[in-house]
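Shown next: my_file_32.cif, given as mmCIF, C-alpha atoms.
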data_work
loop_
_atom_site.label_atom_id
_atom_site.label_comp_id
_atom_site.auth_asym_id
_atom_site.auth_seq_id
_atom_site.Cartn_x
_atom_site.Cartn_y
_atom_site.Cartn_z
CA MET L 1 23.25 0.60 -0.53
CA PHE L 2 20.12 -1.55 -0.40
CA ASP L 3 19.22 -4.47 -2.63
CA VAL L 4 15.58 -3.40 -2.31
CA VAL L 5 13.71 -0.45 -0.88
CA ALA L 6 10.06 -1.34 -0.28
CA ILE L 7 7.37 1.35 -0.09
CA GLY L 8 3.91 0.81 1.34
CA ASN L 9 1.66 0.21 4.31
CA LEU L 10 2.51 -0.99 7.80
CA ASN L 11 -0.60 -2.30 9.55
CA TYR L 12 -1.66 -4.21 12.62
CA ASP L 13 -3.66 -7.20 11.35
CA ILE L 14 -6.64 -8.67 13.17
CA THR L 15 -7.76 -11.87 11.46
CA LEU L 16 -10.95 -13.71 12.47
CA LEU L 17 -11.78 -17.15 11.07
CA LEU L 18 -15.51 -17.75 10.82
CA ASP L 19 -17.92 -20.59 10.03
CA ARG L 20 -20.17 -17.97 8.44
CA PHE L 21 -20.40 -14.19 8.08
CA PRO L 22 -22.73 -12.35 10.50
CA GLU L 23 -26.14 -11.13 9.36
CA PHE L 24 -27.34 -7.54 9.83
CA HIS L 25 -26.97 -6.50 13.51
CA GLU L 26 -25.90 -10.04 14.42
CA LYS L 27 -23.06 -10.99 16.74
CA ILE L 28 -21.28 -14.29 16.15
CA ILE L 29 -18.29 -16.04 17.72
CA ALA L 30 -15.14 -16.51 15.65
CA LYS L 31 -13.75 -20.03 15.69
CA SER L 32 -10.22 -18.64 15.95
CA ALA L 33 -8.30 -15.36 15.80
CA HIS L 34 -4.84 -14.15 14.87
CA PHE L 35 -3.15 -10.85 15.68
CA GLY L 36 0.09 -9.65 14.14
CA LEU L 37 2.03 -7.10 12.15
CA GLY L 38 1.13 -6.71 8.50
CA GLY L 39 0.86 -4.40 5.52
CA ALA L 40 1.58 -5.64 1.99
CA ALA L 41 4.98 -4.02 1.42
CA GLY L 42 5.94 -4.78 5.02
CA ASN L 43 5.16 -8.46 4.48
CA THR L 44 7.25 -8.59 1.30
CA ALA L 45 10.13 -6.80 3.03
CA SER L 46 9.96 -9.29 5.91
CA TRP L 47 10.26 -12.29 3.59
CA LEU L 48 13.16 -10.70 1.70
CA ALA L 49 15.06 -9.87 4.90
CA HIS L 50 14.72 -13.49 6.07
CA MET L 51 16.15 -14.53 2.69
CA GLY L 52 19.31 -12.49 3.24
CA VAL L 53 18.36 -9.52 1.06
CA LYS L 54 19.47 -6.07 2.25
CA VAL L 55 16.17 -4.21 2.59
CA GLY L 56 15.22 -0.61 3.31
CA PHE L 57 11.69 0.64 3.87
CA ILE L 58 9.74 3.83 3.25
CA GLY L 59 6.52 4.15 5.23
CA ALA L 60 4.92 5.73 8.28
CA VAL L 61 3.74 4.47 11.66
CA GLY L 62 2.01 6.08 14.60
CA ASN L 63 3.64 7.26 17.80
CA ASP L 64 2.05 4.30 19.61
CA GLU L 65 2.71 0.71 20.68
CA ILE L 66 1.93 -0.66 17.23
CA GLY L 67 4.36 1.74 15.58
CA GLU L 68 7.03 0.81 18.10
CA ALA L 69 6.38 -2.89 17.41
CA HIS L 70 6.89 -2.36 13.66
CA ILE L 71 10.19 -0.55 14.21
CA ASN L 72 11.47 -3.15 16.67
CA TYR L 73 10.48 -6.07 14.45
CA PHE L 74 12.23 -4.62 11.40
CA LYS L 75 15.36 -3.91 13.45
CA LYS L 76 15.31 -7.50 14.71
CA ILE L 77 15.14 -9.05 11.23
CA GLY L 78 17.52 -6.55 9.59
CA VAL L 79 15.21 -4.22 7.65
CA ASP L 80 16.56 -0.66 7.74
CA VAL L 81 14.06 1.73 9.36
CA GLY L 82 15.69 5.01 8.28
CA GLY L 83 12.89 5.68 5.78
CA ILE L 84 10.01 5.18 8.24
CA LYS L 85 8.34 8.29 9.65
CA VAL L 86 6.80 8.29 13.13
CA VAL L 87 3.77 10.61 13.21
CA ASN L 88 1.17 11.70 15.74
CA GLU L 89 -1.58 9.52 14.32
CA HIS L 90 -2.78 5.99 15.03
CA SER L 91 -0.87 3.25 13.22
CA GLY L 92 -2.73 1.53 10.39
CA ILE L 93 -5.10 -1.34 11.13
CA ALA L 94 -6.53 -4.11 8.91
CA ILE L 95 -9.37 -6.36 10.07
CA SER L 96 -10.04 -9.53 8.06
CA LEU L 97 -13.10 -11.77 8.30
CA ILE L 98 -12.40 -15.12 6.67
CA LYS L 99 -14.74 -17.99 5.79
CA GLY L 100 -12.90 -20.61 3.77
CA GLU L 101 -11.52 -18.86 0.68
CA ASP L 102 -13.99 -15.97 1.07
CA LYS L 103 -12.44 -12.93 2.72
CA ARG L 104 -13.78 -9.49 3.76
CA ILE L 105 -11.27 -6.79 4.82
CA VAL L 106 -11.71 -3.39 6.45
CA LYS L 107 -8.68 -1.08 6.71
CA HIS L 108 -7.90 2.18 8.44
CA LEU L 109 -4.88 3.91 6.90
CA GLY L 110 -3.99 5.96 9.96
CA ALA L 111 -0.30 6.89 9.90
CA ASN L 112 0.15 5.24 6.47
CA ALA L 113 -1.47 8.28 4.87
CA TYR L 114 1.53 10.39 5.92
CA ARG L 115 4.30 8.51 4.13
CA ASP L 116 6.18 10.25 1.36
CA VAL L 117 9.13 9.55 -0.89
CA ASP L 118 12.60 10.30 0.42
CA PHE L 119 14.58 10.52 -2.83
CA GLU L 120 17.96 10.52 -1.11
CA TYR L 121 17.04 7.29 0.70
CA LEU L 122 15.54 5.82 -2.48
CA SER L 123 18.69 6.56 -4.49
CA LYS L 124 20.50 3.89 -2.44
CA ALA L 125 18.34 1.09 -3.92
CA ARG L 126 19.23 -1.43 -6.61
CA HIS L 127 15.53 -2.18 -6.92
CA ILE L 128 12.31 -0.56 -5.66
CA HIS L 129 9.20 -2.52 -4.72
CA MET L 130 5.86 -0.77 -4.23
CA SER L 131 2.61 -2.19 -2.92
CA SER L 132 -0.64 -0.47 -1.81
CA ASN L 133 0.39 3.08 -2.66
CA PRO L 134 -1.58 6.15 -3.81
CA LYS L 135 -1.34 7.38 -7.40
CA GLU L 136 0.79 10.43 -6.63
CA LEU L 137 3.38 8.38 -4.77
CA ILE L 138 3.55 5.82 -7.57
CA GLU L 139 4.08 8.55 -10.16
CA LYS L 140 6.84 10.31 -8.21
CA THR L 141 8.64 7.05 -7.46
CA ALA L 142 8.34 5.60 -10.96
CA ASN L 143 9.62 8.79 -12.58
CA PHE L 144 12.56 8.92 -10.18
CA ALA L 145 13.42 5.24 -10.71
CA PHE L 146 13.23 5.63 -14.50
CA GLU L 147 15.52 8.66 -14.47
CA LYS L 148 18.04 6.90 -12.21
CA GLY L 149 17.92 3.58 -14.05
CA ILE L 150 16.58 1.70 -11.01
CA SER L 151 14.28 -1.25 -11.72
CA ILE L 152 10.87 -1.08 -10.08
CA SER L 153 8.18 -3.65 -9.28
CA LEU L 154 4.65 -2.43 -8.62
CA ASP L 155 1.95 -4.59 -7.05
CA ILE L 156 -0.96 -2.36 -7.98
CA GLY L 157 -3.75 -4.17 -6.13
CA GLU L 158 -7.14 -2.51 -6.54
CA ALA L 159 -5.66 0.89 -7.44
CA GLU L 160 -5.46 2.22 -10.99
CA VAL L 161 -2.21 2.01 -12.89
CA PRO L 162 -1.22 5.66 -13.57
CA GLU L 163 -1.10 6.03 -17.35
CA SER L 164 1.66 8.65 -17.09
CA VAL L 165 4.17 6.10 -15.76
CA GLU L 166 2.78 2.74 -16.89
CA ASP L 167 5.57 2.32 -19.44
CA LYS L 168 8.19 3.11 -16.78
CA ILE L 169 7.26 0.12 -14.59
CA THR L 170 9.71 -2.76 -14.97
CA TYR L 171 7.47 -5.41 -13.38
CA LEU L 172 3.73 -4.83 -12.96
CA LEU L 173 2.16 -7.37 -10.61
CA MET L 174 -1.51 -8.05 -9.90
CA ASN L 175 -3.85 -10.98 -9.39
CA GLU L 176 -6.21 -12.36 -12.01
CA ASP L 177 -9.34 -10.67 -10.63
CA GLU L 178 -7.59 -7.30 -10.43
CA PHE L 179 -6.36 -7.64 -14.01
CA LYS L 180 -9.80 -8.52 -15.35
CA ARG L 181 -11.39 -5.57 -13.55
CA LYS L 182 -8.80 -3.21 -15.06
CA TYR L 183 -8.28 -4.64 -18.54
CA GLY L 184 -10.96 -7.25 -19.14
CA SER L 185 -9.85 -10.63 -20.48
CA LEU L 186 -6.39 -12.03 -19.83
CA ASP L 187 -6.01 -11.95 -23.61
CA ARG L 188 -5.44 -8.19 -23.28
CA VAL L 189 -2.12 -8.66 -21.50
CA HIS L 190 -0.37 -7.22 -24.56
CA ASP L 191 -2.29 -3.95 -24.11
CA VAL L 192 -0.43 -3.23 -20.86
CA LYS L 193 2.46 -0.81 -21.38
CA ALA L 194 4.62 -1.99 -18.47
CA LYS L 195 7.84 -3.72 -19.51
CA ASN L 196 6.87 -7.04 -17.90
CA VAL L 197 3.45 -8.11 -16.56
CA ILE L 198 3.00 -10.80 -13.92
CA ILE L 199 -0.52 -12.00 -13.09
CA THR L 200 -1.07 -14.44 -10.23
CA LEU L 201 -3.86 -16.81 -11.25
CA ASN L 202 -6.87 -18.02 -9.30
CA GLY L 203 -6.11 -21.46 -7.95
CA GLY L 204 -2.35 -20.88 -8.03
CA GLY L 205 0.37 -20.25 -10.56
CA ALA L 206 1.09 -17.18 -12.62
CA MET L 207 0.90 -15.82 -16.15
CA ILE L 208 3.81 -13.74 -17.43
CA ARG L 209 4.15 -11.44 -20.42
CA ASP L 210 7.79 -10.50 -20.77
CA GLU L 211 9.45 -7.50 -22.43
CA ASN L 212 9.70 -9.40 -25.72
CA GLY L 213 5.93 -9.95 -25.79
CA ASP L 214 6.19 -13.67 -25.04
CA VAL L 215 3.48 -15.09 -22.76
CA PHE L 216 3.89 -18.16 -20.60
CA GLU L 217 2.39 -19.70 -17.47
CA VAL L 218 3.94 -21.07 -14.30
CA ARG L 219 1.99 -23.81 -12.56
CA GLY L 220 1.14 -23.37 -8.90
CA LEU L 221 1.46 -25.81 -6.02
CA SER L 222 -1.72 -27.38 -4.66
CA ALA L 223 -2.45 -26.49 -1.04
CA GLU L 224 -5.42 -26.47 1.30
CA VAL L 225 -6.08 -22.76 1.85
CA VAL L 226 -6.44 -21.80 5.50
CA ASP L 227 -5.93 -18.05 5.04
CA SER L 228 -4.86 -16.33 1.82
CA THR L 229 -3.82 -13.11 3.61
CA GLY L 230 -0.30 -12.17 2.53
CA ALA L 231 -0.06 -14.78 -0.24
CA GLY L 232 0.39 -12.12 -2.91
CA ASP L 233 2.99 -10.36 -0.79
CA ALA L 234 4.90 -13.62 -0.40
CA PHE L 235 4.72 -14.17 -4.16
CA ASP L 236 6.14 -10.69 -4.69
CA ALA L 237 9.05 -11.48 -2.35
CA GLY L 238 9.93 -14.66 -4.20
CA PHE L 239 9.66 -12.93 -7.55
CA VAL L 240 11.80 -9.96 -6.48
CA TYR L 241 14.39 -12.31 -4.99
CA GLY L 242 14.65 -14.13 -8.32
CA VAL L 243 14.96 -10.87 -10.23
CA LEU L 244 17.75 -9.69 -7.92
CA LYS L 245 19.59 -12.96 -8.50
CA GLY L 246 19.30 -12.60 -12.28
CA TRP L 247 17.00 -15.60 -12.67
CA LYS L 248 14.68 -16.07 -15.62
CA LEU L 249 11.24 -14.60 -14.94
CA GLU L 250 9.78 -18.09 -15.04
CA ASP L 251 12.04 -19.21 -12.18
CA ALA L 252 11.40 -16.02 -10.21
CA ALA L 253 7.66 -16.66 -10.50
CA LYS L 254 8.15 -20.29 -9.43
CA LEU L 255 9.78 -19.12 -6.21
CA GLY L 256 6.90 -16.69 -5.76
CA THR L 257 4.37 -19.51 -6.06
CA LEU L 258 6.34 -21.56 -3.53
CA LEU L 259 6.27 -18.79 -0.93
CA ALA L 260 2.56 -18.18 -1.60
CA TYR L 261 1.96 -21.93 -1.19
CA LEU L 262 3.59 -21.80 2.25
CA THR L 263 1.66 -18.68 3.26
CA VAL L 264 -1.89 -19.87 2.52
CA GLN L 265 -1.47 -22.86 4.82
CA LYS L 266 -1.12 -20.67 7.92
CA VAL L 267 -3.25 -17.95 9.52
CA GLY L 268 -1.68 -14.50 9.34
CA ALA L 269 0.36 -12.71 6.69
CA ARG L 270 3.78 -13.41 8.24
CA SER L 271 3.23 -16.71 10.06
CA ALA L 272 4.82 -18.76 7.28
CA ILE L 273 8.01 -16.70 6.93
CA ILE L 274 11.13 -18.85 7.20
CA PRO L 275 14.86 -18.36 6.47
CA LEU L 276 16.34 -19.02 3.03
CA GLU L 277 17.94 -22.32 4.05
CA GLU L 278 14.53 -23.71 5.03
CA ILE L 279 13.04 -22.46 1.76
CA LYS L 280 15.81 -24.26 -0.12
CA LYS L 281 15.10 -27.45 1.81
CA ILE L 282 11.37 -27.33 1.02
CA SER L 283 12.18 -26.50 -2.61
CA LYS L 284 14.33 -29.61 -2.82
CA GLU L 285 11.49 -31.73 -1.42
CA LEU L 286 8.82 -30.31 -3.75
CA ASN L 287 11.20 -30.02 -6.70
CA PRO L 288 9.78 -27.02 -8.62
CA GLY L 289 13.14 -26.76 -10.41
CA LEU L 290 14.51 -23.59 -8.82
CA PRO L 291 18.11 -22.54 -9.60
CA PHE L 292 19.31 -22.17 -6.01
#

Is it possible to express this structure as structure tokens?
Amino acid sequence: MFDVVAIGNLNYDITLLLDRFPEFHEKIIAKSAHFGLGGAAGNTASWLAHMGVKVGFIGAVGNDEIGEAHINYFKKIGVDVGGIKVVNEHSGIAISLIKGEDKRIVKHLGANAYRDVDFEYLSKARHIHMSSNPKELIEKTANFAFEKGISISLDIGEAEVPESVEDKITYLLMNEDEFKRKYGSLDRVHDVKAKNVIITLNGGGAMIRDENGDVFEVRGLSAEVVDSTGAGDAFDAGFVYGVLKGWKLEDAAKLGTLLAYLTVQKVGARSAIIPLEEIKKISKELNPGLPF
């Protein structure tokens, strides 16, 4: 059995920090660069594994050096790789151009486009976490989870929330800009059919509408943002960890904001990942009031 099975992309991230973005047909020199493994669900799974959570993963990588690196990394940190397909296609790539808090990203799905749901593997999960998935995969997974009584968190990102399964999502996660593009004002949080809605807010913190219809906010931690890549994935990991431990949603979101706070201060989606004991130590220093 797994505490969590994560479903989503596995990418190779190329991150370039710039003083300014290039003009048309212009070449410029990046002030620094970072290369590493990424992919939203992969980042969340990596945090959870470092926190002692038993994690499985459903995804796809290419039959190449990047795919091999993903498999080896997950094996090293304890993420089960039995749900990862290896296909004859290039592994996914994400290139990020970053100037301060402004970020431009270009992705190539590659092998990620070939992932599919393994229901036998998925049936071993206490909880399912999805991030950056196509509509059809979300629908199949949400229907299966609902039928089996498995809780599911969905970080929808820029994709549309499938109306057919919106009410079957236990925890719907998105950032403030994504919510406003989909629903308009934050005041429309009650229009969302998901059981619980968690919106990470610009500038830090989160807004939560729980299953009883109550709305409350969690304050964020102030940090100088170096690179926001992976901050939402880190938040998801903290939130899911809290849910698995039976914490109040407010406390789960507080842990999410703490992990996001750590992430934005480093370049790269996984550079800030640390073991649970170190997270507890930092939590004690910052005193967000977590029930560890």

The PyMOL selection byres ((chain L and resi 84) around 12) applied to the shown file, residues as an MDAnalysis selection string: chainID L and resid 5:10 42 56:63 67:68 70:72 74:75 79:83 85:87 111:112 114:118 121

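On the file presented, the PyMOL selection byres ((chain L and resi 133) around 9) picks out Ile7, Gly8, Asn9, Met130, Ser131, Ser132, Pro134, Lys135, Glu136, Leu137, Ile138, Asp155, Ile156 and Ala159 of chain L.
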
Quick one: contact table of segment 145-181 of chain L to segment 247-257 of chain L, 12 Å max, nearest atom pair and distance in Å to one decimal per residue, counting all atoms listed in the file, chain and number order, as JSON lines?
{"residue": "L:Thr170", "atom": "CA", "partner": "L:Leu249", "partner_atom": "CA", "distance": 11.9}
{"residue": "L:Tyr171", "atom": "CA", "partner": "L:Leu249", "partner_atom": "CA", "distance": 10.1}
{"residue": "L:Leu173", "atom": "CA", "partner": "L:Ala253", "partner_atom": "CA", "distance": 10.8}

For this structure, which residues satisfy the selection - the PyMOL selection byres ((chain L and resi 49) around 12) - when it is evaluated on the file as given? I want them as a short mmCIF file (atom, residue, chain, number, x, y, z; two decimals) with C-alpha atoms, in the frame of the given file.
data_model
loop_
_atom_site.label_atom_id
_atom_site.label_comp_id
_atom_site.auth_asym_id
_atom_site.auth_seq_id
_atom_site.Cartn_x
_atom_site.Cartn_y
_atom_site.Cartn_z
CA PHE L 2 20.12 -1.55 -0.40
CA ASP L 3 19.22 -4.47 -2.63
CA VAL L 4 15.58 -3.40 -2.31
CA VAL L 5 13.71 -0.45 -0.88
CA ALA L 6 10.06 -1.34 -0.28
CA GLY L 42 5.94 -4.78 5.02
CA ASN L 43 5.16 -8.46 4.48
CA THR L 44 7.25 -8.59 1.30
CA ALA L 45 10.13 -6.80 3.03
CA SER L 46 9.96 -9.29 5.91
CA TRP L 47 10.26 -12.29 3.59
CA LEU L 48 13.16 -10.70 1.70
CA HIS L 50 14.72 -13.49 6.07
CA MET L 51 16.15 -14.53 2.69
CA GLY L 52 19.31 -12.49 3.24
CA VAL L 53 18.36 -9.52 1.06
CA LYS L 54 19.47 -6.07 2.25
CA VAL L 55 16.17 -4.21 2.59
CA GLY L 56 15.22 -0.61 3.31
CA PHE L 57 11.69 0.64 3.87
CA TYR L 73 10.48 -6.07 14.45
CA PHE L 74 12.23 -4.62 11.40
CA LYS L 75 15.36 -3.91 13.45
CA LYS L 76 15.31 -7.50 14.71
CA ILE L 77 15.14 -9.05 11.23
CA GLY L 78 17.52 -6.55 9.59
CA VAL L 79 15.21 -4.22 7.65
CA ASP L 80 16.56 -0.66 7.74
CA ALA L 237 9.05 -11.48 -2.35
CA GLY L 238 9.93 -14.66 -4.20
CA VAL L 240 11.80 -9.96 -6.48
CA TYR L 241 14.39 -12.31 -4.99
CA ILE L 273 8.01 -16.70 6.93
CA ILE L 274 11.13 -18.85 7.20
CA PRO L 275 14.86 -18.36 6.47
CA LEU L 276 16.34 -19.02 3.03
#

Contacts of Gly268 of chain L within 8 Å, all atoms listed in the file, excl. fewer than 6 positions in-chain, as a list in words: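 My list of contacting residues is Asp13, Thr15, His34, Phe35, Gly36, Asp227, Thr229 and Gly230 of chain L.
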
Just-selected residues, C-alpha atoms written as a PDB file, keeping the file's coordinate frame:
ATOM      1  CA  ASP L  13      -3.660  -7.200  11.350  1.00  0.00           C
ATOM      2  CA  THR L  15      -7.760 -11.870  11.460  1.00  0.00           C
ATOM      3  CA  HIS L  34      -4.840 -14.150  14.870  1.00  0.00           C
ATOM      4  CA  PHE L  35      -3.150 -10.850  15.680  1.00  0.00           C
ATOM      5  CA  GLY L  36       0.090  -9.650  14.140  1.00  0.00           C
ATOM      6  CA  ASP L 227      -5.930 -18.050   5.040  1.00  0.00           C
ATOM      7  CA  THR L 229      -3.820 -13.110   3.610  1.00  0.00           C
ATOM      8  CA  GLY L 230      -0.300 -12.170   2.530  1.00  0.00           C
TER       9      GLY L 230
END
